[in-house]
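Raw contents of my_file.cif, mmCIF, C-alpha atoms:
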data_input
loop_
_atom_site.label_atom_id
_atom_site.label_comp_id
_atom_site.auth_asym_id
_atom_site.auth_seq_id
_atom_site.Cartn_x
_atom_site.Cartn_y
_atom_site.Cartn_z
CA MET A 169 17.63 30.70 -27.36
CA ASN A 170 20.03 30.51 -24.37
CA ALA A 171 20.63 27.47 -22.17
CA ASN A 172 18.52 28.93 -19.36
CA ALA A 173 15.48 29.28 -21.60
CA LEU A 174 16.01 25.80 -23.02
CA SER A 175 16.14 24.36 -19.51
CA MET A 176 12.95 26.18 -18.49
CA ASN A 177 11.23 25.03 -21.67
CA ALA A 178 12.24 21.42 -21.00
CA ARG A 179 10.99 21.61 -17.41
CA GLY A 180 7.71 23.08 -18.63
CA ARG A 181 7.21 20.21 -21.05
CA ALA A 182 8.05 17.68 -18.34
CA ARG A 183 5.58 19.30 -15.93
CA ARG A 184 2.84 19.25 -18.59
CA ALA A 185 3.62 15.58 -19.23
CA SER A 186 3.21 14.87 -15.51
CA ARG A 187 -0.33 16.28 -15.73
CA SER A 188 -1.14 14.44 -18.96
CA ARG A 189 -4.01 12.11 -19.68
CA ALA A 190 -1.60 9.15 -19.70
CA VAL A 191 -0.44 9.85 -16.15
CA ASP A 192 -4.06 10.29 -15.04
CA VAL A 193 -5.09 6.93 -16.54
CA GLY A 194 -1.98 5.22 -15.13
CA ALA A 195 -2.66 6.49 -11.60
CA ARG A 196 -6.30 5.38 -11.70
CA ALA A 197 -5.29 1.98 -13.03
CA GLY A 198 -2.83 1.75 -10.14
CA PHE A 199 -5.59 2.39 -7.60
CA VAL A 200 -7.64 -0.39 -9.19
CA ALA A 201 -4.65 -2.75 -8.93
CA ARG A 202 -4.04 -1.81 -5.29
CA GLY A 203 -7.68 -2.48 -4.57
CA VAL A 204 -7.43 -5.94 -6.11
CA ILE A 205 -4.45 -6.80 -3.91
CA TYR A 206 -6.12 -5.62 -0.70
CA LEU A 207 -9.35 -7.44 -1.51
CA LEU A 208 -7.41 -10.66 -2.08
CA VAL A 209 -5.38 -10.23 1.11
CA GLY A 210 -8.62 -9.69 3.02
CA THR A 211 -10.09 -12.84 1.46
CA LEU A 212 -7.00 -14.88 2.35
CA ALA A 213 -7.12 -13.53 5.92
CA LEU A 214 -10.74 -14.67 6.20
CA ARG A 215 -9.70 -18.18 5.17
CA ILE A 216 -7.02 -18.18 7.85
CA ALA A 217 -9.51 -17.02 10.47
CA PHE A 218 -11.58 -20.17 10.05
CA SER A 219 -8.80 -22.59 9.10
CA ASP A 220 -5.06 -22.61 8.48
CA GLY A 221 -5.54 -20.99 5.07
CA GLY A 222 -4.39 -24.09 3.21
CA GLY A 223 -0.76 -22.97 3.39
CA GLN A 224 -1.50 -19.69 1.60
CA GLN A 225 0.05 -16.44 2.73
CA ALA A 226 -2.22 -13.53 3.62
CA ASP A 227 0.07 -10.92 2.10
CA ARG A 228 0.96 -9.48 -1.30
CA GLY A 229 2.81 -12.66 -2.27
CA GLY A 230 -0.23 -14.74 -1.41
CA ALA A 231 -2.44 -12.43 -3.47
CA ILE A 232 -0.12 -12.77 -6.47
CA ALA A 233 -0.09 -16.56 -6.15
CA GLU A 234 -3.88 -16.56 -5.91
CA ILE A 235 -4.20 -14.61 -9.15
CA ALA A 236 -1.66 -16.85 -10.89
CA GLU A 237 -3.84 -19.90 -10.17
CA LYS A 238 -6.86 -18.45 -11.96
CA PRO A 239 -7.66 -18.96 -15.68
CA PHE A 240 -5.51 -16.54 -17.69
CA GLY A 241 -3.68 -15.82 -14.41
CA SER A 242 -0.42 -14.91 -16.16
CA VAL A 243 -2.21 -12.36 -18.35
CA LEU A 244 -3.94 -10.91 -15.29
CA LEU A 245 -0.60 -10.54 -13.53
CA TRP A 246 0.86 -8.65 -16.51
CA VAL A 247 -2.15 -6.31 -16.45
CA LEU A 248 -1.80 -5.86 -12.68
CA GLY A 249 1.93 -5.13 -13.00
CA VAL A 250 1.45 -2.55 -15.75
CA ALA A 251 -1.30 -0.87 -13.71
CA LEU A 252 1.00 -0.68 -10.68
CA ALA A 253 3.69 0.81 -12.92
CA GLY A 254 1.20 3.57 -13.71
CA MET A 255 0.86 4.23 -9.97
CA ALA A 256 4.66 4.33 -9.59
CA LEU A 257 5.06 6.81 -12.45
CA TRP A 258 2.35 9.04 -11.03
CA ARG A 259 4.11 9.09 -7.65
CA LEU A 260 7.37 9.90 -9.44
CA SER A 261 5.69 12.85 -11.17
CA GLU A 262 4.42 14.07 -7.77
CA ALA A 263 7.93 13.80 -6.32
CA SER A 264 9.38 15.70 -9.28
CA PHE A 265 6.75 18.41 -9.78
CA GLY A 266 4.51 18.38 -6.72
CA GLN A 267 1.04 17.05 -5.98
CA ALA A 268 -2.29 18.46 -7.07
CA GLY A 269 -3.63 21.17 -4.77
CA PRO A 270 -2.41 24.50 -3.35
CA ASP A 271 0.21 23.01 -0.98
CA GLY A 272 1.25 20.10 -3.19
CA ASP A 273 4.69 21.55 -3.89
CA LYS A 274 5.90 21.32 -0.27
CA ALA A 275 9.19 19.48 0.19
CA GLY A 276 7.69 17.09 2.74
CA LYS A 277 4.93 15.96 0.42
CA ARG A 278 7.35 15.52 -2.44
CA ALA A 279 9.57 13.39 -0.20
CA VAL A 280 6.62 11.20 0.77
CA ALA A 281 5.73 10.86 -2.92
CA ALA A 282 9.31 9.79 -3.65
CA ALA A 283 9.11 7.10 -0.97
CA ARG A 284 5.82 5.89 -2.43
CA PHE A 285 7.41 5.78 -5.88
CA VAL A 286 10.19 3.52 -4.57
CA PHE A 287 7.63 1.26 -2.87
CA TYR A 288 5.38 0.93 -5.93
CA ALA A 289 8.37 0.46 -8.22
CA PHE A 290 9.43 -2.50 -6.06
CA VAL A 291 5.89 -3.94 -6.05
CA THR A 292 5.67 -3.49 -9.82
CA TYR A 293 8.95 -5.31 -10.31
CA SER A 294 7.90 -8.21 -8.07
CA VAL A 295 4.58 -8.68 -9.89
CA LEU A 296 6.06 -8.42 -13.39
CA ALA A 297 8.98 -10.69 -12.48
CA TYR A 298 6.53 -13.31 -11.20
CA ALA A 299 4.45 -12.99 -14.38
CA ALA A 300 7.64 -13.47 -16.43
CA GLY A 301 8.39 -16.74 -14.67
CA ASP A 302 10.43 -15.80 -11.60
CA LYS A 303 8.19 -17.58 -9.08
CA GLY A 304 10.45 -16.63 -6.20
CA SER A 305 10.01 -12.92 -6.82
CA GLY A 306 6.47 -11.90 -6.04
CA SER A 307 5.12 -14.82 -4.07
CA GLY A 308 7.80 -15.21 -1.42
CA SER A 309 6.66 -15.12 2.18
CA SER A 310 6.75 -11.63 3.68
CA ASP A 311 7.45 -13.31 7.03
CA ARG A 312 10.58 -15.06 5.76
CA ARG A 313 11.85 -11.87 4.12
CA THR A 314 11.19 -9.91 7.31
CA ASP A 315 13.09 -12.47 9.40
CA ASP A 316 16.05 -12.42 6.99
CA VAL A 317 16.26 -8.63 6.83
CA THR A 318 15.87 -8.27 10.61
CA ALA A 319 18.53 -10.91 11.29
CA ARG A 320 21.02 -9.17 8.99
CA ALA A 321 20.28 -5.75 10.48
CA LEU A 322 20.73 -7.01 14.05
CA GLU A 323 24.24 -8.17 13.13
CA TRP A 324 25.30 -4.63 12.25
CA THR A 325 26.91 -2.24 14.71
CA GLY A 326 24.00 -0.48 16.35
CA GLY A 327 21.66 -2.95 14.66
CA GLN A 328 19.26 -3.07 17.60
CA TRP A 329 18.81 0.70 17.40
CA ILE A 330 18.31 0.57 13.64
CA VAL A 331 15.65 -2.16 13.84
CA GLY A 332 14.02 -0.50 16.84
CA LEU A 333 13.83 2.90 15.14
CA ALA A 334 12.51 1.29 11.97
CA GLY A 335 9.81 -0.39 14.05
CA VAL A 336 8.91 2.90 15.72
CA GLY A 337 8.73 4.47 12.25
CA VAL A 338 6.27 1.81 11.11
CA ILE A 339 4.19 2.30 14.27
CA VAL A 340 4.07 6.05 13.65
CA ALA A 341 3.14 5.45 10.01
CA GLY A 342 0.34 3.13 11.13
CA PHE A 343 -1.08 5.69 13.55
CA TRP A 344 -0.74 8.37 10.85
CA MET A 345 -2.75 6.22 8.42
CA ALA A 346 -5.42 5.52 11.02
CA CYS A 347 -5.69 9.17 12.10
CA ARG A 348 -5.99 10.35 8.50
CA ALA A 349 -8.78 7.84 7.96
CA LEU A 350 -10.63 8.71 11.17
CA THR A 351 -10.44 12.46 10.48
CA ARG A 352 -11.30 11.91 6.80
CA LYS A 353 -8.29 13.83 5.54
CA TYR A 354 -8.70 11.97 2.25
CA HIS A 355 -11.64 14.26 1.41
CA LYS A 356 -9.24 16.93 0.13
CA HIS A 357 -7.96 14.49 -2.50
CA LEU A 358 -11.39 13.38 -3.72
CA LYS A 359 -13.84 15.08 -6.06
CA THR A 360 -16.61 14.97 -3.48
CA GLY A 361 -18.65 17.46 -5.47
CA GLU A 362 -19.12 14.85 -8.18
CA MET A 363 -20.44 12.25 -5.72
CA THR A 364 -24.04 11.63 -4.82
CA ARG A 365 -24.96 11.66 -1.13
CA ARG A 366 -25.05 7.87 -1.01
CA SER A 367 -21.70 7.63 -2.78
CA ARG A 368 -20.10 9.94 -0.21
CA GLN A 369 -21.54 7.86 2.63
CA ALA A 370 -20.29 4.63 1.07
CA VAL A 371 -16.81 6.06 0.42
CA ASP A 372 -16.62 7.33 4.01
CA ALA A 373 -17.69 3.94 5.35
CA VAL A 374 -14.94 2.02 3.53
CA GLY A 375 -12.43 4.87 3.81
CA VAL A 376 -12.69 5.32 7.57
CA PHE A 377 -13.01 1.63 8.44
CA GLY A 378 -10.53 0.34 5.88
CA GLY A 379 -7.94 3.04 6.51
CA THR A 380 -8.13 2.59 10.28
CA VAL A 381 -7.70 -1.19 10.04
CA ARG A 382 -4.80 -0.79 7.61
CA GLY A 383 -3.12 1.59 10.04
CA ALA A 384 -3.68 -0.82 12.93
CA VAL A 385 -2.04 -3.66 10.98
CA PHE A 386 1.00 -1.49 10.20
CA ALA A 387 1.29 -0.34 13.82
CA THR A 388 1.09 -3.94 15.05
CA ALA A 389 3.83 -5.03 12.63
CA GLY A 390 5.96 -2.14 13.86
CA GLY A 391 5.41 -3.27 17.44
CA PHE A 392 6.76 -6.73 16.59
CA ALA A 393 9.86 -5.13 15.02
CA VAL A 394 10.48 -3.14 18.21
CA ALA A 395 10.12 -6.35 20.26
CA ALA A 396 12.64 -8.07 17.98
CA ALA A 397 15.10 -5.24 18.55
CA VAL A 398 14.66 -5.11 22.32
CA ARG A 399 15.03 -8.89 22.73
CA HIS A 400 17.57 -9.25 19.91
CA GLU A 401 15.42 -12.03 18.43
CA PRO A 402 14.84 -11.69 14.64
CA GLY A 403 11.99 -14.20 14.79
CA ARG A 404 9.86 -11.76 16.75
CA ALA A 405 9.62 -9.47 13.72
CA LYS A 406 6.63 -10.40 11.59
CA GLY A 407 5.59 -9.82 8.01
CA MET A 408 2.02 -9.19 6.93
CA ASP A 409 0.97 -12.85 7.11
CA ASP A 410 2.26 -13.55 10.63
CA THR A 411 0.99 -10.17 11.82
CA LEU A 412 -2.51 -11.07 10.66
CA ARG A 413 -2.28 -14.56 12.17
CA SER A 414 -1.27 -13.02 15.50
CA PHE A 415 -4.74 -11.48 15.84
CA THR A 416 -6.18 -15.00 16.26
CA GLU A 417 -4.09 -15.37 19.42
CA THR A 418 -5.98 -12.59 21.23
CA PRO A 419 -8.90 -13.29 23.61
CA ALA A 420 -11.25 -12.47 20.70
CA GLY A 421 -9.84 -15.46 18.85
CA PRO A 422 -10.45 -15.64 15.10
CA TRP A 423 -13.19 -13.01 15.22
CA LEU A 424 -10.71 -10.16 15.54
CA LEU A 425 -8.97 -11.42 12.40
CA VAL A 426 -12.37 -11.56 10.68
CA LEU A 427 -12.83 -7.87 11.53
CA ILE A 428 -9.33 -7.07 10.27
CA ALA A 429 -9.90 -9.06 7.07
CA ILE A 430 -13.13 -7.18 6.34
CA GLY A 431 -11.30 -3.91 7.00
CA LEU A 432 -8.54 -4.76 4.52
CA ALA A 433 -11.15 -5.68 1.92
CA ALA A 434 -12.89 -2.36 2.67
CA PHE A 435 -9.63 -0.54 1.99
CA GLY A 436 -9.53 -2.34 -1.35
CA LEU A 437 -12.96 -0.91 -2.15
CA PHE A 438 -11.76 2.51 -1.01
CA SER A 439 -8.87 2.20 -3.48
CA TRP A 440 -11.43 1.63 -6.23
CA ALA A 441 -13.28 4.75 -5.09
CA ASN A 442 -9.97 6.64 -5.47
CA ALA A 443 -9.70 5.29 -9.00
CA ARG A 444 -13.02 6.95 -9.75
CA TRP A 445 -12.91 10.21 -7.80
CA ARG A 446 -9.29 10.95 -6.88
CA THR A 447 -7.85 14.29 -8.00
CA ILE A 448 -4.72 13.38 -9.95
#
Would you write out, as structure tokens, the structure that this file holds?
Amino acid sequence: MNANALSMNARGRARRASRSRAVDVGARAGFVARGVIYLLVGTLALRIAFSDGGGQQADRGGAIAEIAEKPFGSVLLWVLGVALAGMALWRLSEASFGQAGPDGDKAGKRAVAAARFVFYAFVTYSVLAYAAGDKGSGSGSSDRRTDDVTARALEWTGGQWIVGLAGVGVIVAGFWMACRALTRKYHKHLKTGEMTRRSRQAVDAVGVFGGTVRGAVFATAGGFAVAAAVRHEPGRAKGMDDTLRSFTETPAGPWLLVLIAIGLAAFGLFSWANARWRTI
């Protein structure tokens, strides 16, 4: 057997592995884990809407700290981290061999999958590191990290442009998320034929509302990054927690944050629906 045939055989085995039962289970476990995080962030945001939140952060770090405080919290964090690793590996398989569906092998979709792999790999590391005892890993304030990164970037040559373009990118990503939710583009990834009529209605309710709110939060955070670049003030860039708190400063007061919090929790439920009906 020549080297060419061996290479093709190896790629075939790798592609089959990417469509294996293990990858399927890992991806679904990852959706469950993502849902848990969004539900907790939504709950923490609700607390902030009616009080100061008791010093807790309404972001991924706050969600991790919340889990850690529960009975068997360390065990739960290990389970959450392993589940998120399953999501990361699934995204890596999509980047390497393409997504499910007729157009899943397009370069653009594989690039997006690669970016998602990097993101979920980082989240996995932060959760597992926290579970292993590194308390500064997963629970650090997203606001402090955002300030630090923005401050360093603004010191670079052309730093204002870099931060500004990054902010515009986040705004565009937020609008993209919201538009996909509003137009129900997620239908093509779900096994809608296996759903009952009520299930489809429920999934659409949390998918449209939750996805739109998630996109709005991202777009708002991107807007703060652009403001930080224009004014050359790192403190104007906000992480998830400060972005959510900013909604209480609108004329709607805390009630807008209540709406946002419910939307984030709805996206958590939508993630659970993906765990059940997503085409992997």
Nearest to Arg399 in chain A, chosen from A:Ser219, A:Gln328, A:Ser264, A:Thr318, with only C-alpha atoms counted in the distances: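 Ranked by minimum distance to Arg399 in chain A, first place goes to A:Gln328.
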Pick from A:Cys347, A:Ala393, A:Leu296, A:Val280, whichever lies nearest to Ile330 in chain A using all atoms listed in the file: A:Ala393
Can you tell me, as lines of an AutoDock Vina configuration file, the centre and edge lengths (Å, one decimal) of the axis-aligned box enclosing all of range 411-429 of chain A's listed atoms after padding each side by 4 Å?
center_x = -6.1
center_y = -11.4
center_z = 15.3
size_x = 22.2
size_y = 16.6
size_z = 24.5
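Neighbouring residues of Val204 in chain A at 9 Å or closer, counting only C-alpha atoms and skipping chain neighbours under 5 positions away, are Phe199, Val209, Ala231, Leu248, Ala433, Gly436, Leu437, Ser439 and Trp440 of chain A.
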Counting all atoms listed in the file, the option among A:Lys406, A:Arg215, A:Arg446, A:Arg348 closest to Asp315 in chain A: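 Residue with the minimum atom-to-atom distance to Asp315 in chain A: A:Lys406.
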Shell of 9 Å around Ile428 in chain A, only C-alpha atoms, local chain residues under 3 positions omitted, as a PyMOL selection string: chain A and resi 210+213-214+378+381-382+384-385+412+415+423-425+431-433
Point-to-point distance from CA of Trp246 in chain A to CA of Ala441 in chain A, Å rounded to tenths: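 A separation of 22.6 Å between them.
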Given all atoms listed in the file as the counted atoms, nearest of A:Ala201, A:Leu208, A:Val191, A:Leu350 to Leu260 in chain A: A:Val191
For CA of Gly332 in chain A and CA of Gly391 in chain A, the interatomic separation in Å (one decimal):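 Between these atoms lies a distance of 9.1 Å.
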One-decimal distance in Å that lies between CA of Ala256 in chain A and CA of Asp372 in chain A: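 We find that CA of Asp372 in chain A and CA of Ala256 in chain A lie 25.4 Å from each other.
For the set A:Ile216, A:Val200, A:Ala282, A:Ile430, the residue with the smallest atom-to-atom gap to Trp258 in chain A is A:Ala282, counting only C-alpha atoms.
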Given the PyMOL selection byres ((chain A and resi 442) around 12), the residues it picks as a ChimeraX atom specification: /A:192,195-203,255,354-360,363,368,371-372,374-375,435-441,443-448
Mind writing range 323-414 of chain A to a file for me, with C-alpha atoms, as a PDB file, in the first residue's frame?
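Final file, selection13.pdb:
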ATOM      1  CA  GLU A 323      -0.695  51.028  24.292  1.00  0.00           C
ATOM      2  CA  TRP A 324       0.241  49.334  21.015  1.00  0.00           C
ATOM      3  CA  THR A 325       0.936  51.219  17.804  1.00  0.00           C
ATOM      4  CA  GLY A 326      -2.449  51.543  16.149  1.00  0.00           C
ATOM      5  CA  GLY A 327      -4.042  50.234  19.342  1.00  0.00           C
ATOM      6  CA  GLN A 328      -7.103  52.458  19.027  1.00  0.00           C
ATOM      7  CA  TRP A 329      -7.819  50.999  15.594  1.00  0.00           C
ATOM      8  CA  ILE A 330      -7.310  47.455  16.854  1.00  0.00           C
ATOM      9  CA  VAL A 331      -9.673  47.908  19.818  1.00  0.00           C
ATOM     10  CA  GLY A 332     -12.173  49.791  17.666  1.00  0.00           C
ATOM     11  CA  LEU A 333     -12.213  47.123  14.957  1.00  0.00           C
ATOM     12  CA  ALA A 334     -12.516  44.406  17.591  1.00  0.00           C
ATOM     13  CA  GLY A 335     -15.501  46.255  19.043  1.00  0.00           C
ATOM     14  CA  VAL A 336     -17.095  46.567  15.603  1.00  0.00           C
ATOM     15  CA  GLY A 337     -16.507  42.830  15.126  1.00  0.00           C
ATOM     16  CA  VAL A 338     -18.341  42.065  18.366  1.00  0.00           C
ATOM     17  CA  ILE A 339     -21.201  44.380  17.352  1.00  0.00           C
ATOM     18  CA  VAL A 340     -21.494  42.605  13.997  1.00  0.00           C
ATOM     19  CA  ALA A 341     -21.386  39.219  15.745  1.00  0.00           C
ATOM     20  CA  GLY A 342     -24.160  40.367  18.087  1.00  0.00           C
ATOM     21  CA  PHE A 343     -26.385  41.489  15.218  1.00  0.00           C
ATOM     22  CA  TRP A 344     -25.599  38.224  13.384  1.00  0.00           C
ATOM     23  CA  MET A 345     -26.706  36.215  16.430  1.00  0.00           C
ATOM     24  CA  ALA A 346     -29.884  38.245  16.799  1.00  0.00           C
ATOM     25  CA  CYS A 347     -30.757  38.039  13.085  1.00  0.00           C
ATOM     26  CA  ARG A 348     -30.213  34.280  13.035  1.00  0.00           C
ATOM     27  CA  ALA A 349     -32.528  33.946  16.014  1.00  0.00           C
ATOM     28  CA  LEU A 350     -35.218  36.238  14.594  1.00  0.00           C
ATOM     29  CA  THR A 351     -35.189  34.471  11.211  1.00  0.00           C
ATOM     30  CA  ARG A 352     -35.009  31.052  12.906  1.00  0.00           C
ATOM     31  CA  LYS A 353     -31.964  29.955  10.955  1.00  0.00           C
ATOM     32  CA  TYR A 354     -31.339  27.399  13.699  1.00  0.00           C
ATOM     33  CA  HIS A 355     -34.148  25.258  12.252  1.00  0.00           C
ATOM     34  CA  LYS A 356     -31.754  23.774   9.695  1.00  0.00           C
ATOM     35  CA  HIS A 357     -29.615  22.389  12.529  1.00  0.00           C
ATOM     36  CA  LEU A 358     -32.497  20.851  14.486  1.00  0.00           C
ATOM     37  CA  LYS A 359     -34.394  17.615  13.944  1.00  0.00           C
ATOM     38  CA  THR A 360     -37.719  19.428  13.768  1.00  0.00           C
ATOM     39  CA  GLY A 361     -39.384  16.355  12.310  1.00  0.00           C
ATOM     40  CA  GLU A 362     -38.904  14.565  15.623  1.00  0.00           C
ATOM     41  CA  MET A 363     -40.582  17.363  17.600  1.00  0.00           C
ATOM     42  CA  THR A 364     -44.218  17.590  18.531  1.00  0.00           C
ATOM     43  CA  ARG A 365     -46.066  20.783  17.609  1.00  0.00           C
ATOM     44  CA  ARG A 366     -45.842  22.069  21.177  1.00  0.00           C
ATOM     45  CA  SER A 367     -42.143  21.244  21.349  1.00  0.00           C
ATOM     46  CA  ARG A 368     -41.478  23.249  18.179  1.00  0.00           C
ATOM     47  CA  GLN A 369     -43.412  26.202  19.583  1.00  0.00           C
ATOM     48  CA  ALA A 370     -41.519  26.055  22.872  1.00  0.00           C
ATOM     49  CA  VAL A 371     -38.135  25.771  21.132  1.00  0.00           C
ATOM     50  CA  ASP A 372     -38.995  28.731  18.895  1.00  0.00           C
ATOM     51  CA  ALA A 373     -40.070  30.795  21.898  1.00  0.00           C
ATOM     52  CA  VAL A 374     -36.785  30.324  23.772  1.00  0.00           C
ATOM     53  CA  GLY A 375     -34.689  30.243  20.592  1.00  0.00           C
ATOM     54  CA  VAL A 376     -35.959  33.523  19.151  1.00  0.00           C
ATOM     55  CA  PHE A 377     -36.165  35.405  22.446  1.00  0.00           C
ATOM     56  CA  GLY A 378     -33.005  33.993  23.975  1.00  0.00           C
ATOM     57  CA  GLY A 379     -30.917  34.301  20.827  1.00  0.00           C
ATOM     58  CA  THR A 380     -32.042  37.886  20.223  1.00  0.00           C
ATOM     59  CA  VAL A 381     -31.226  38.937  23.789  1.00  0.00           C
ATOM     60  CA  ARG A 382     -27.838  37.204  23.619  1.00  0.00           C
ATOM     61  CA  GLY A 383     -27.066  39.076  20.409  1.00  0.00           C
ATOM     62  CA  ALA A 384     -28.148  42.377  21.975  1.00  0.00           C
ATOM     63  CA  VAL A 385     -25.806  41.825  24.937  1.00  0.00           C
ATOM     64  CA  PHE A 386     -22.871  41.097  22.606  1.00  0.00           C
ATOM     65  CA  ALA A 387     -23.643  44.150  20.454  1.00  0.00           C
ATOM     66  CA  THR A 388     -23.829  46.367  23.542  1.00  0.00           C
ATOM     67  CA  ALA A 389     -20.470  45.079  24.808  1.00  0.00           C
ATOM     68  CA  GLY A 390     -18.997  45.773  21.377  1.00  0.00           C
ATOM     69  CA  GLY A 391     -20.352  49.315  21.533  1.00  0.00           C
ATOM     70  CA  PHE A 392     -18.529  49.910  24.820  1.00  0.00           C
ATOM     71  CA  ALA A 393     -15.287  48.647  23.237  1.00  0.00           C
ATOM     72  CA  VAL A 394     -15.692  51.109  20.357  1.00  0.00           C
ATOM     73  CA  ALA A 395     -16.287  53.924  22.875  1.00  0.00           C
ATOM     74  CA  ALA A 396     -13.117  52.919  24.736  1.00  0.00           C
ATOM     75  CA  ALA A 397     -11.148  53.102  21.494  1.00  0.00           C
ATOM     76  CA  VAL A 398     -12.565  56.448  20.385  1.00  0.00           C
ATOM     77  CA  ARG A 399     -11.981  58.088  23.777  1.00  0.00           C
ATOM     78  CA  HIS A 400      -8.770  56.155  24.500  1.00  0.00           C
ATOM     79  CA  GLU A 401     -10.205  55.186  27.898  1.00  0.00           C
ATOM     80  CA  PRO A 402      -9.805  51.448  28.737  1.00  0.00           C
ATOM     81  CA  GLY A 403     -12.359  51.737  31.533  1.00  0.00           C
ATOM     82  CA  ARG A 404     -15.136  52.323  29.024  1.00  0.00           C
ATOM     83  CA  ALA A 405     -14.783  48.745  27.749  1.00  0.00           C
ATOM     84  CA  LYS A 406     -17.024  46.416  29.717  1.00  0.00           C
ATOM     85  CA  GLY A 407     -17.145  42.694  30.344  1.00  0.00           C
ATOM     86  CA  MET A 408     -20.356  40.714  30.634  1.00  0.00           C
ATOM     87  CA  ASP A 409     -21.086  41.787  34.219  1.00  0.00           C
ATOM     88  CA  ASP A 410     -20.700  45.546  33.680  1.00  0.00           C
ATOM     89  CA  THR A 411     -22.532  45.309  30.357  1.00  0.00           C
ATOM     90  CA  LEU A 412     -25.515  43.744  32.110  1.00  0.00           C
ATOM     91  CA  ARG A 413     -25.376  46.281  34.948  1.00  0.00           C
ATOM     92  CA  SER A 414     -25.408  49.101  32.390  1.00  0.00           C
TER      93      SER A 414
END
